[in-house]
There are 2 protein chains.
Amino acid sequence: MSARYHHGDLRRVILDAAADVITTTGPASLSLRELARVAGVSHAAPAHHFGDKTGLLTALAIEGNELLAASLAEALNETAESGEPDFAELGVRYVRFARRYPAHFAVMFRADLHREDDPGLIAAKARTAGLLREGLTTLPEHRRGPDPALSTVAAWSIAHGFATLWNARNLDALSAAVLGRSAATEPDELFRAVAALLFQGGNGG
Amino acid sequence: MSARYHHGDLRRVILDAAADVITTTGPASLSLRELARVAGVSHAAPAHHFGDKTGLLTALAIEGNELLAASLAEALNETAESGEPDFAELGVRYVRFARRYPAHFAVMFRADLHREDDPGLIAAKARTAGLLREGLTTLPEHRRGPDPALSTVAAWSIAHGFATLWNARNLDALSAAVLGRSAATEPDELFRAVAALLFQGGNGG
DNA sequence: CATCCAATCTTGTCACCGACAAGATTGGAC
DNA sequence: GTCCAATCTTGTCGGTGACAAGATTGGATG
């Protein structure tokens with residue numbers, strides 16, 4: 001009985017199962033015991049790897065920041081090579097990440113769910129924010145306004161807001177109204193159109 | 001003993017207590033029994049008014065939408081009188097609402113916490129979204145681009161993203177960088193500066 | 001005023017959950 | 001072969017949400 005003790009990679013399995021549950025039913029109904037059941041281990045096994053429930057969600061938030069940072073870094077490299085830095089591409093990556101990893105995205109910005117003072121989380125968040133700002137700073141001034149920090153706030157806000165509202169299904173009616181009169185059919189295209197309204201060549205005053 | 005049965009306005013007391021708890025410690029740690037304790041009633045009393053925990057949070061979400069809609073409607077009336085419709089003012093109201101009622105704001109956009117198909121909630125959300133779109137539609141085209149629906153998505157996104165990131169303390173470092181070189185000291189002013197980067201007089205085509 | 005009723009609140013209970021403690025098992029280092 | 005640290009299990013406790021059944025109240029009706 002009791003199967004075998006060493007599971008192999010229980011930590012990863014629990015993390016993936018948590019992401020699945022959160023994606024379908026949200027973080028509120030997440031239960032360590034259910035995750036243990038899914039993984040086929042005892043009810044206290046998950047706690048060993050994450051300390052407690054908050055620890056599990058902190059791990060998810062860290063992983064989310066790392067995934068996002070990797071995607072942003074990739075976009076920065078690509079646009080650097082093509083010689084045409086494009087802030088919208090960063091935003092598209094941001095929105096795409098939120099759609100592909102909704103569980104991670106949801107946990108990352110919910111301070112009450114994870115341990116805010118975790119060193120690993122602080123480092124991961126700093127890296128993501130740094131890439132965001134770096135990306136804006138590389139833009140020519142006429143395409144991002146005179147103040148990079150202010151532009152970063154604007155770009156981050158519009159991408160984050162779009163991603164959040166999209167995931168929460170708050171843009172369904174509006175996006176139908178927009179897409180009905182254009183050829184765009186994906187949220188990527190809709191966001192590109194939205195992003196085009198920012199930094200559209202005026203002087204930032 | 002047992003004090004007196006009829007509390008007077010238990011529903012309101014529970015709602016306010018819930019908002020307090022959520023504001024300080026987040027929705028994750030909310031407990032109906034704790035609210036009952038605070039209100040001085042039995043542990044099952046709150047359920048009578050809201051059905052269950054989800055019902056309580058649905059009521060909070062409805063109230064939040066109504067408060068926000070009222071503020072947006074007020075802003076629309078004011079700018080209509082002054083003859084200078086200003087989209088940024090709507091955004092400022094949006095952000096101000098998120099800061100003044102962080103508990104409501106947090107619950108409103110968290111589908112897993114409230115009952116999405118509640119008729120009252122659907123109506124309240126429709127009213128808020130309608131005001132948002134109406135506000136943008138009244139803007140002259142050269143200040144909001146050719147497509148009102150698209151402009152609504154953009155304006156809603158930037159306001160919602162700013163509010164969310166601000167409440168989650170993700171803009172602290174950036175706002176310090178911006179505010180350090182300007183006279184602005186309040187988030188209202190910071191958002192105004194951000195909003196000025198949208199629809200800044202370029203042609204949307 | 002007496003009676004009745006629906007709304008409100010209480011008491012009691014059950015299954016589930018998170019956290020903790022103590023013990024069992026495993027793989028690997030030595 | 002022995003030991004050890006990491007991993008997982010078992011057992012338990014207090015707290016929680018949900019539900020059922022009963023008690024209390026204010027007001028309506030006569």
# chains A, B, ... in the order shown; residues from 1 in each chain; ligands from 1

call {"tool": "interface_residues", "arguments": {"of": "chain C", "to": "chain A", "cutoff": "9 Å", "atoms": "only C-alpha atoms (C1' of nucleotides)", "output": "PyMOL selection string"}}
result
chain C and resi 17-19+25-27

call {"tool": "write_last_selection", "arguments": {"atoms": "N, CA and C atoms (P, O5', C5', C4', C3', O3' and C1' of nucleotides)", "output": "PDB file, in the first residue's frame"}}
result
ATOM      1  P    DC C  17     -11.700  20.126   0.991  1.00  0.00           P
ATOM      2  O5'  DC C  17     -10.899  21.173   1.867  1.00  0.00           O
ATOM      3  C5'  DC C  17     -11.382  22.510   1.952  1.00  0.00           C
ATOM      4  C4'  DC C  17     -10.626  23.246   3.029  1.00  0.00           C
ATOM      5  C3'  DC C  17      -9.121  23.025   2.958  1.00  0.00           C
ATOM      6  O3'  DC C  17      -8.490  24.223   2.525  1.00  0.00           O
ATOM      7  C1'  DC C  17      -9.960  22.867   5.211  1.00  0.00           C
ATOM      8  P    DG C  18      -6.939  24.218   2.159  1.00  0.00           P
ATOM      9  O5'  DG C  18      -6.240  24.768   3.483  1.00  0.00           O
ATOM     10  C5'  DG C  18      -6.618  26.027   3.979  1.00  0.00           C
ATOM     11  C4'  DG C  18      -5.883  26.329   5.263  1.00  0.00           C
ATOM     12  C3'  DG C  18      -4.368  26.149   5.173  1.00  0.00           C
ATOM     13  O3'  DG C  18      -3.754  27.208   5.889  1.00  0.00           O
ATOM     14  C1'  DG C  18      -5.241  24.709   6.847  1.00  0.00           C
ATOM     15  P    DA C  19      -2.147  27.359   5.873  1.00  0.00           P
ATOM     16  O5'  DA C  19      -1.716  26.699   7.266  1.00  0.00           O
ATOM     17  C5'  DA C  19      -2.289  27.210   8.466  1.00  0.00           C
ATOM     18  C4'  DA C  19      -1.914  26.315   9.621  1.00  0.00           C
ATOM     19  C3'  DA C  19      -0.420  25.961   9.705  1.00  0.00           C
ATOM     20  O3'  DA C  19       0.114  26.461  10.903  1.00  0.00           O
ATOM     21  C1'  DA C  19      -1.809  24.041  10.015  1.00  0.00           C
ATOM     22  P    DT C  25       7.307   2.036   7.323  1.00  0.00           P
ATOM     23  O5'  DT C  25       8.021   2.710   6.074  1.00  0.00           O
ATOM     24  C5'  DT C  25       7.223   3.414   5.136  1.00  0.00           C
ATOM     25  C4'  DT C  25       8.117   4.186   4.183  1.00  0.00           C
ATOM     26  C3'  DT C  25       9.250   3.358   3.568  1.00  0.00           C
ATOM     27  O3'  DT C  25       9.033   3.306   2.162  1.00  0.00           O
ATOM     28  C1'  DT C  25      10.010   5.494   4.293  1.00  0.00           C
ATOM     29  P    DT C  26       9.891   2.341   1.240  1.00  0.00           P
ATOM     30  O5'  DT C  26      10.926   3.344   0.585  1.00  0.00           O
ATOM     31  C5'  DT C  26      10.431   4.509  -0.059  1.00  0.00           C
ATOM     32  C4'  DT C  26      11.550   5.509  -0.261  1.00  0.00           C
ATOM     33  C3'  DT C  26      12.798   4.933  -0.911  1.00  0.00           C
ATOM     34  O3'  DT C  26      12.850   5.361  -2.262  1.00  0.00           O
ATOM     35  C1'  DT C  26      13.307   6.441   0.895  1.00  0.00           C
ATOM     36  P    DG C  27      13.740   4.564  -3.337  1.00  0.00           P
ATOM     37  O5'  DG C  27      14.984   5.544  -3.473  1.00  0.00           O
ATOM     38  C5'  DG C  27      14.761   6.905  -3.748  1.00  0.00           C
ATOM     39  C4'  DG C  27      16.002   7.711  -3.434  1.00  0.00           C
ATOM     40  C3'  DG C  27      17.290   7.171  -4.080  1.00  0.00           C
ATOM     41  O3'  DG C  27      17.957   8.219  -4.752  1.00  0.00           O
ATOM     42  C1'  DG C  27      17.579   7.423  -1.719  1.00  0.00           C
TER      43       DG C  27
END

call {"tool": "residues_around", "arguments": {"residues": "range 137-148 of chain B", "least_positions_apart": "3", "cutoff": "12 Å", "atoms": "only C-alpha atoms (C1' of nucleotides)", "output": "ChimeraX atom specification"}}
result
/A:174-175,177-182,193-194,196-198,200,202 /B:76-77,79-80,83-90,130-134,151-156,195-205

call {"tool": "write_last_selection", "arguments": {"atoms": "C-alpha atoms", "output": "PDB file, in the first residue's frame"}}
result
ATOM      1  CA  LEU A 174     -16.897  46.411 -26.663  1.00  0.00           C
ATOM      2  CA  SER A 175     -14.515  44.188 -28.560  1.00  0.00           C
ATOM      3  CA  ALA A 177     -18.315  46.443 -31.467  1.00  0.00           C
ATOM      4  CA  VAL A 178     -14.757  47.193 -32.516  1.00  0.00           C
ATOM      5  CA  LEU A 179     -14.005  43.961 -34.315  1.00  0.00           C
ATOM      6  CA  GLY A 180     -17.299  44.039 -36.137  1.00  0.00           C
ATOM      7  CA  ARG A 181     -16.027  46.939 -38.189  1.00  0.00           C
ATOM      8  CA  SER A 182     -12.471  45.759 -38.765  1.00  0.00           C
ATOM      9  CA  ALA A 193      -5.246  49.006 -32.228  1.00  0.00           C
ATOM     10  CA  VAL A 194      -5.648  50.214 -28.652  1.00  0.00           C
ATOM     11  CA  ALA A 196      -1.760  52.727 -31.352  1.00  0.00           C
ATOM     12  CA  LEU A 197      -3.775  55.409 -29.568  1.00  0.00           C
ATOM     13  CA  LEU A 198      -0.895  55.894 -27.134  1.00  0.00           C
ATOM     14  CA  GLN A 200       0.596  58.607 -31.484  1.00  0.00           C
ATOM     15  CA  GLY A 202       1.891  64.226 -30.725  1.00  0.00           C
TER      16      GLY A 202
ATOM     17  CA  LEU B  76     -20.406  63.674 -17.175  1.00  0.00           C
ATOM     18  CA  ASN B  77     -22.934  66.216 -15.950  1.00  0.00           C
ATOM     19  CA  THR B  79     -18.229  68.504 -17.953  1.00  0.00           C
ATOM     20  CA  ALA B  80     -21.430  68.844 -19.975  1.00  0.00           C
ATOM     21  CA  GLY B  83     -18.835  72.736 -22.159  1.00  0.00           C
ATOM     22  CA  GLU B  84     -15.377  71.195 -22.154  1.00  0.00           C
ATOM     23  CA  PRO B  85     -15.835  67.421 -22.126  1.00  0.00           C
ATOM     24  CA  ASP B  86     -12.717  65.804 -20.754  1.00  0.00           C
ATOM     25  CA  PHE B  87     -12.071  62.093 -20.904  1.00  0.00           C
ATOM     26  CA  ALA B  88      -9.312  62.409 -18.332  1.00  0.00           C
ATOM     27  CA  GLU B  89     -11.838  63.526 -15.754  1.00  0.00           C
ATOM     28  CA  LEU B  90     -13.710  60.242 -16.159  1.00  0.00           C
ATOM     29  CA  GLY B 130     -22.572  52.350 -20.722  1.00  0.00           C
ATOM     30  CA  LEU B 131     -21.532  55.529 -18.933  1.00  0.00           C
ATOM     31  CA  LEU B 132     -17.926  54.877 -19.808  1.00  0.00           C
ATOM     32  CA  ARG B 133     -18.748  54.515 -23.474  1.00  0.00           C
ATOM     33  CA  GLU B 134     -21.158  57.430 -23.433  1.00  0.00           C
ATOM     34  CA  SER B 151     -11.398  54.561 -27.661  1.00  0.00           C
ATOM     35  CA  THR B 152     -13.540  53.218 -24.849  1.00  0.00           C
ATOM     36  CA  VAL B 153     -11.462  50.080 -24.668  1.00  0.00           C
ATOM     37  CA  ALA B 154      -8.302  52.173 -24.549  1.00  0.00           C
ATOM     38  CA  ALA B 155      -9.577  54.611 -21.935  1.00  0.00           C
ATOM     39  CA  TRP B 156     -11.077  51.907 -19.751  1.00  0.00           C
ATOM     40  CA  ALA B 195      -3.990  60.133 -19.590  1.00  0.00           C
ATOM     41  CA  ALA B 196      -2.567  63.074 -21.498  1.00  0.00           C
ATOM     42  CA  LEU B 197      -0.487  60.579 -23.475  1.00  0.00           C
ATOM     43  CA  LEU B 198      -3.695  59.076 -24.887  1.00  0.00           C
ATOM     44  CA  PHE B 199      -5.557  60.817 -27.744  1.00  0.00           C
ATOM     45  CA  GLN B 200      -2.910  63.504 -27.772  1.00  0.00           C
ATOM     46  CA  GLY B 201      -4.071  65.157 -30.927  1.00  0.00           C
ATOM     47  CA  GLY B 202      -2.610  62.801 -33.502  1.00  0.00           C
ATOM     48  CA  ASN B 203      -4.917  61.383 -36.112  1.00  0.00           C
ATOM     49  CA  GLY B 204      -6.177  57.954 -35.139  1.00  0.00           C
ATOM     50  CA  GLY B 205      -6.281  56.698 -38.710  1.00  0.00           C
TER      51      GLY B 205
END

call {"tool": "closest_atom_pairs", "arguments": {"of": "chain A", "to": "chain D", "cutoff": "10 Å", "atoms": "only C-alpha atoms (C1' of nucleotides)", "output": "JSON lines"}}
result
{"residue": "A:Ser2", "atom": "CA", "partner": "D:DT9", "partner_atom": "C1'", "distance": 8.4}
{"residue": "A:Arg4", "atom": "CA", "partner": "D:DC8", "partner_atom": "C1'", "distance": 9.1}
{"residue": "A:Tyr5", "atom": "CA", "partner": "D:DC8", "partner_atom": "C1'", "distance": 5.7}
{"residue": "A:His6", "atom": "CA", "partner": "D:DT7", "partner_atom": "C1'", "distance": 6.3}
{"residue": "A:His7", "atom": "CA", "partner": "D:DT7", "partner_atom": "C1'", "distance": 8.6}
{"residue": "A:Gly8", "atom": "CA", "partner": "D:DT7", "partner_atom": "C1'", "distance": 10.0}
{"residue": "A:Leu10", "atom": "CA", "partner": "D:DT7", "partner_atom": "C1'", "distance": 9.9}
{"residue": "A:Val41", "atom": "CA", "partner": "D:DC8", "partner_atom": "C1'", "distance": 7.9}
{"residue": "A:Ser42", "atom": "CA", "partner": "D:DT9", "partner_atom": "C1'", "distance": 6.4}
{"residue": "A:His43", "atom": "CA", "partner": "D:DT9", "partner_atom": "C1'", "distance": 8.7}
{"residue": "A:Ala44", "atom": "CA", "partner": "D:DT9", "partner_atom": "C1'", "distance": 7.9}
{"residue": "A:Ala45", "atom": "CA", "partner": "D:DC8", "partner_atom": "C1'", "distance": 6.0}
{"residue": "A:Pro46", "atom": "CA", "partner": "D:DC8", "partner_atom": "C1'", "distance": 9.5}
{"residue": "A:His48", "atom": "CA", "partner": "D:DT7", "partner_atom": "C1'", "distance": 8.1}
{"residue": "A:His49", "atom": "CA", "partner": "D:DT7", "partner_atom": "C1'", "distance": 9.3}

call {"tool": "write_last_selection", "arguments": {"atoms": "C-alpha atoms", "output": "compact mmCIF listing (two decimals), in the first residue's frame"}}
result
# COMPACT_ATOMS: atom_id res chain seq x y z
CA SER A 2 0.81 3.65 0.27
CA ARG A 4 5.74 4.61 -3.21
CA TYR A 5 6.99 7.40 -1.09
CA HIS A 6 9.07 9.50 -3.42
CA HIS A 7 6.81 10.94 -6.02
CA GLY A 8 9.49 12.17 -8.36
CA LEU A 10 5.66 16.45 -6.59
CA VAL A 41 -0.46 11.93 -2.25
CA SER A 42 -1.45 12.47 1.35
CA HIS A 43 -3.19 15.63 2.43
CA ALA A 44 -0.12 17.09 4.10
CA ALA A 45 2.36 16.43 1.31
CA PRO A 46 1.99 19.79 -0.50
CA HIS A 48 6.15 20.13 2.81
CA HIS A 49 7.18 21.81 -0.45

call {"tool": "calpha_fit_and_write", "arguments": {"fixed": "chain A", "moving": "chain B", "output": "mmCIF file with C-alpha atoms, in the first residue's frame"}}
result
data_model
loop_
_atom_site.group_PDB
_atom_site.id
_atom_site.type_symbol
_atom_site.label_atom_id
_atom_site.label_comp_id
_atom_site.auth_asym_id
_atom_site.auth_seq_id
_atom_site.Cartn_x
_atom_site.Cartn_y
_atom_site.Cartn_z
ATOM 1 C CA MET B 1 0.723 -0.109 -0.011
ATOM 2 C CA SER B 2 0.936 3.643 0.191
ATOM 3 C CA ALA B 3 2.279 3.546 -3.359
ATOM 4 C CA ARG B 4 5.878 4.674 -3.248
ATOM 5 C CA TYR B 5 7.079 7.464 -1.068
ATOM 6 C CA HIS B 6 9.118 9.590 -3.389
ATOM 7 C CA HIS B 7 6.839 10.994 -5.979
ATOM 8 C CA GLY B 8 9.548 12.219 -8.282
ATOM 9 C CA ASP B 9 8.547 15.811 -8.881
ATOM 10 C CA LEU B 10 5.673 16.491 -6.558
ATOM 11 C CA ARG B 11 6.451 20.180 -6.360
ATOM 12 C CA ARG B 12 5.948 20.644 -10.093
ATOM 13 C CA VAL B 13 2.832 18.497 -10.156
ATOM 14 C CA ILE B 14 1.235 20.523 -7.366
ATOM 15 C CA LEU B 15 2.175 23.774 -9.057
ATOM 16 C CA ASP B 16 0.635 22.679 -12.351
ATOM 17 C CA ALA B 17 -2.476 21.334 -10.669
ATOM 18 C CA ALA B 18 -2.875 24.597 -8.795
ATOM 19 C CA ALA B 19 -2.613 26.548 -12.042
ATOM 20 C CA ASP B 20 -5.254 24.298 -13.585
ATOM 21 C CA VAL B 21 -7.680 24.713 -10.715
ATOM 22 C CA ILE B 22 -7.191 28.476 -10.555
ATOM 23 C CA THR B 23 -7.648 28.795 -14.311
ATOM 24 C CA THR B 24 -10.991 27.027 -14.257
ATOM 25 C CA THR B 25 -12.508 27.999 -10.902
ATOM 26 C CA GLY B 26 -10.390 30.828 -9.551
ATOM 27 C CA PRO B 27 -8.037 31.143 -6.575
ATOM 28 C CA ALA B 28 -10.828 31.402 -4.014
ATOM 29 C CA SER B 29 -11.782 27.753 -4.261
ATOM 30 C CA LEU B 30 -8.217 26.443 -4.254
ATOM 31 C CA SER B 31 -7.610 23.742 -1.665
ATOM 32 C CA LEU B 32 -4.297 22.142 -0.776
ATOM 33 C CA ARG B 33 -6.080 18.914 0.068
ATOM 34 C CA GLU B 34 -7.740 18.782 -3.317
ATOM 35 C CA LEU B 35 -4.381 19.265 -5.013
ATOM 36 C CA ALA B 36 -2.983 16.460 -2.884
ATOM 37 C CA ARG B 37 -5.871 14.246 -3.957
ATOM 38 C CA VAL B 38 -5.262 15.018 -7.623
ATOM 39 C CA ALA B 39 -1.571 14.242 -7.250
ATOM 40 C CA GLY B 40 -2.342 11.042 -5.382
ATOM 41 C CA VAL B 41 -0.441 11.958 -2.227
ATOM 42 C CA SER B 42 -1.440 12.509 1.355
ATOM 43 C CA HIS B 43 -3.203 15.657 2.425
ATOM 44 C CA ALA B 44 -0.123 17.136 4.106
ATOM 45 C CA ALA B 45 2.357 16.467 1.317
ATOM 46 C CA PRO B 46 1.994 19.804 -0.492
ATOM 47 C CA ALA B 47 2.714 21.759 2.659
ATOM 48 C CA HIS B 48 6.137 20.189 2.824
ATOM 49 C CA HIS B 49 7.169 21.851 -0.443
ATOM 50 C CA PHE B 50 5.564 25.228 0.047
ATOM 51 C CA GLY B 51 5.191 25.689 3.775
ATOM 52 C CA ASP B 52 1.575 26.707 3.543
ATOM 53 C CA LYS B 53 -1.050 27.788 1.044
ATOM 54 C CA THR B 54 0.410 31.278 0.793
ATOM 55 C CA GLY B 55 3.764 29.735 0.015
ATOM 56 C CA LEU B 56 2.306 27.798 -2.892
ATOM 57 C CA LEU B 57 0.746 30.925 -4.353
ATOM 58 C CA THR B 58 3.979 32.838 -3.813
ATOM 59 C CA ALA B 59 5.770 30.184 -5.846
ATOM 60 C CA LEU B 60 3.159 30.604 -8.580
ATOM 61 C CA ALA B 61 3.616 34.374 -8.538
ATOM 62 C CA ILE B 62 7.382 34.008 -8.844
ATOM 63 C CA GLU B 63 7.014 31.590 -11.735
ATOM 64 C CA GLY B 64 4.594 33.983 -13.403
ATOM 65 C CA ASN B 65 7.009 36.890 -13.147
ATOM 66 C CA GLU B 66 9.782 34.759 -14.572
ATOM 67 C CA LEU B 67 7.675 33.594 -17.504
ATOM 68 C CA LEU B 68 6.592 37.143 -18.231
ATOM 69 C CA ALA B 69 10.102 38.519 -17.920
ATOM 70 C CA ALA B 70 11.392 35.865 -20.309
ATOM 71 C CA SER B 71 8.775 36.785 -22.876
ATOM 72 C CA LEU B 72 9.474 40.495 -22.536
ATOM 73 C CA ALA B 73 13.219 39.934 -22.840
ATOM 74 C CA GLU B 74 12.642 37.901 -25.990
ATOM 75 C CA ALA B 75 10.558 40.689 -27.485
ATOM 76 C CA LEU B 76 13.235 43.244 -26.656
ATOM 77 C CA ASN B 77 15.902 41.154 -28.351
ATOM 78 C CA GLU B 78 13.813 40.669 -31.452
ATOM 79 C CA THR B 79 12.936 44.324 -31.892
ATOM 80 C CA ALA B 80 16.551 45.264 -31.188
ATOM 81 C CA GLU B 81 17.634 43.076 -34.086
ATOM 82 C CA SER B 82 14.975 44.311 -36.459
ATOM 83 C CA GLY B 83 16.026 47.869 -35.615
ATOM 84 C CA GLU B 84 12.439 49.003 -35.191
ATOM 85 C CA PRO B 85 11.726 49.085 -31.458
ATOM 86 C CA ASP B 86 8.006 48.822 -30.899
ATOM 87 C CA PHE B 87 6.367 49.400 -27.554
ATOM 88 C CA ALA B 88 3.178 47.761 -28.766
ATOM 89 C CA GLU B 89 5.006 44.476 -29.145
ATOM 90 C CA LEU B 90 5.850 44.513 -25.438
ATOM 91 C CA GLY B 91 2.208 45.109 -24.666
ATOM 92 C CA VAL B 92 1.116 42.309 -26.961
ATOM 93 C CA ARG B 93 3.473 39.984 -25.107
ATOM 94 C CA TYR B 94 2.050 41.177 -21.800
ATOM 95 C CA VAL B 95 -1.525 40.538 -22.876
ATOM 96 C CA ARG B 96 -0.623 37.226 -24.451
ATOM 97 C CA PHE B 97 1.016 36.108 -21.221
ATOM 98 C CA ALA B 98 -2.105 37.026 -19.251
ATOM 99 C CA ARG B 99 -4.219 34.934 -21.601
ATOM 100 C CA ARG B 100 -1.887 31.940 -21.742
ATOM 101 C CA TYR B 101 -1.210 31.840 -17.998
ATOM 102 C CA PRO B 102 -4.347 33.299 -16.449
ATOM 103 C CA ALA B 103 -3.717 31.607 -13.095
ATOM 104 C CA HIS B 104 -0.226 33.020 -12.754
ATOM 105 C CA PHE B 105 -1.383 36.430 -13.911
ATOM 106 C CA ALA B 106 -4.242 36.481 -11.429
ATOM 107 C CA VAL B 107 -2.036 35.558 -8.479
ATOM 108 C CA MET B 108 0.830 37.904 -9.391
ATOM 109 C CA PHE B 109 -1.139 41.073 -8.682
ATOM 110 C CA ARG B 110 -3.137 39.923 -5.680
ATOM 111 C CA ALA B 111 -1.146 40.958 -2.656
ATOM 112 C CA ASP B 112 -3.404 39.159 -0.200
ATOM 113 C CA LEU B 113 -2.724 35.794 -1.815
ATOM 114 C CA HIS B 114 1.051 35.623 -1.770
ATOM 115 C CA ARG B 115 3.876 36.611 0.558
ATOM 116 C CA GLU B 116 4.775 40.110 -0.524
ATOM 117 C CA ASP B 117 8.115 40.176 1.286
ATOM 118 C CA ASP B 118 9.471 36.963 -0.214
ATOM 119 C CA PRO B 119 12.981 37.719 -1.533
ATOM 120 C CA GLY B 120 12.503 35.581 -4.624
ATOM 121 C CA LEU B 121 9.264 37.310 -5.452
ATOM 122 C CA ILE B 122 10.752 40.761 -4.936
ATOM 123 C CA ALA B 123 13.612 39.912 -7.282
ATOM 124 C CA ALA B 124 11.324 38.478 -9.939
ATOM 125 C CA LYS B 125 9.026 41.494 -9.798
ATOM 126 C CA ALA B 126 11.955 43.892 -10.026
ATOM 127 C CA ARG B 127 13.233 42.099 -13.100
ATOM 128 C CA THR B 128 9.858 42.304 -14.836
ATOM 129 C CA ALA B 129 9.354 45.979 -14.006
ATOM 130 C CA GLY B 130 12.924 46.706 -15.105
ATOM 131 C CA LEU B 131 12.378 45.109 -18.502
ATOM 132 C CA LEU B 132 9.190 47.067 -18.943
ATOM 133 C CA ARG B 133 10.948 50.333 -18.239
ATOM 134 C CA GLU B 134 13.980 49.379 -20.291
ATOM 135 C CA GLY B 135 11.741 48.625 -23.238
ATOM 136 C CA LEU B 136 10.162 52.039 -23.115
ATOM 137 C CA THR B 137 13.466 53.788 -22.671
ATOM 138 C CA THR B 138 14.797 52.387 -25.928
ATOM 139 C CA LEU B 139 11.976 53.993 -27.863
ATOM 140 C CA PRO B 140 12.741 57.224 -29.719
ATOM 141 C CA GLU B 141 11.418 60.167 -27.773
ATOM 142 C CA HIS B 142 8.899 61.221 -30.377
ATOM 143 C CA ARG B 143 7.244 57.823 -29.965
ATOM 144 C CA ARG B 144 7.064 57.661 -26.193
ATOM 145 C CA GLY B 145 7.046 61.211 -24.877
ATOM 146 C CA PRO B 146 9.784 63.050 -23.022
ATOM 147 C CA ASP B 147 9.538 61.157 -19.728
ATOM 148 C CA PRO B 148 10.409 57.430 -19.849
ATOM 149 C CA ALA B 149 9.139 56.745 -16.330
ATOM 150 C CA LEU B 150 5.819 58.393 -17.091
ATOM 151 C CA SER B 151 5.593 56.522 -20.376
ATOM 152 C CA THR B 152 6.272 53.290 -18.535
ATOM 153 C CA VAL B 153 3.407 53.947 -16.178
ATOM 154 C CA ALA B 154 1.132 54.647 -19.130
ATOM 155 C CA ALA B 155 2.208 51.617 -21.147
ATOM 156 C CA TRP B 156 2.096 49.265 -18.183
ATOM 157 C CA SER B 157 -1.317 50.610 -17.195
ATOM 158 C CA ILE B 158 -2.891 50.191 -20.598
ATOM 159 C CA ALA B 159 -1.483 46.703 -21.103
ATOM 160 C CA HIS B 160 -2.337 45.574 -17.605
ATOM 161 C CA GLY B 161 -5.810 47.054 -17.730
ATOM 162 C CA PHE B 162 -6.532 45.517 -21.107
ATOM 163 C CA ALA B 163 -5.285 42.116 -19.976
ATOM 164 C CA THR B 164 -7.246 42.212 -16.734
ATOM 165 C CA LEU B 165 -10.470 43.400 -18.308
ATOM 166 C CA TRP B 166 -10.107 40.891 -21.126
ATOM 167 C CA ASN B 167 -9.570 37.958 -18.765
ATOM 168 C CA ALA B 168 -12.499 39.075 -16.644
ATOM 169 C CA ARG B 169 -14.652 39.143 -19.801
ATOM 170 C CA ASN B 170 -15.414 42.815 -19.366
ATOM 171 C CA LEU B 171 -14.487 43.712 -22.944
ATOM 172 C CA ASP B 172 -16.716 41.218 -24.740
ATOM 173 C CA ALA B 173 -19.370 43.675 -25.831
ATOM 174 C CA LEU B 174 -16.903 46.441 -26.648
ATOM 175 C CA SER B 175 -14.538 44.211 -28.560
ATOM 176 C CA ALA B 176 -17.431 42.888 -30.618
ATOM 177 C CA ALA B 177 -18.327 46.478 -31.448
ATOM 178 C CA VAL B 178 -14.752 47.231 -32.507
ATOM 179 C CA LEU B 179 -14.025 44.000 -34.294
ATOM 180 C CA GLY B 180 -17.343 44.111 -36.104
ATOM 181 C CA ARG B 181 -16.063 47.006 -38.184
ATOM 182 C CA SER B 182 -12.534 45.783 -38.776
ATOM 183 C CA ALA B 183 -10.837 42.636 -39.948
ATOM 184 C CA ALA B 184 -9.283 41.951 -36.574
ATOM 185 C CA THR B 185 -10.497 38.862 -34.783
ATOM 186 C CA GLU B 186 -7.906 38.238 -32.107
ATOM 187 C CA PRO B 187 -7.257 40.107 -28.869
ATOM 188 C CA ASP B 188 -3.711 40.661 -30.102
ATOM 189 C CA GLU B 189 -5.006 42.769 -32.950
ATOM 190 C CA LEU B 190 -7.478 44.570 -30.735
ATOM 191 C CA PHE B 191 -4.717 45.489 -28.323
ATOM 192 C CA ARG B 192 -2.504 46.678 -31.147
ATOM 193 C CA ALA B 193 -5.276 49.031 -32.207
ATOM 194 C CA VAL B 194 -5.648 50.235 -28.630
ATOM 195 C CA ALA B 195 -1.927 50.706 -28.166
ATOM 196 C CA ALA B 196 -1.758 52.757 -31.341
ATOM 197 C CA LEU B 197 -3.776 55.425 -29.532
ATOM 198 C CA LEU B 198 -0.886 55.903 -27.088
ATOM 199 C CA PHE B 199 2.188 57.950 -28.098
ATOM 200 C CA GLN B 200 0.599 58.596 -31.458
ATOM 201 C CA GLY B 201 3.104 61.142 -32.587
ATOM 202 C CA GLY B 202 1.872 64.185 -30.705
ATOM 203 C CA ASN B 203 4.337 66.067 -28.580
ATOM 204 C CA GLY B 204 4.163 64.986 -24.961
ATOM 205 C CA GLY B 205 4.977 68.434 -23.625
#
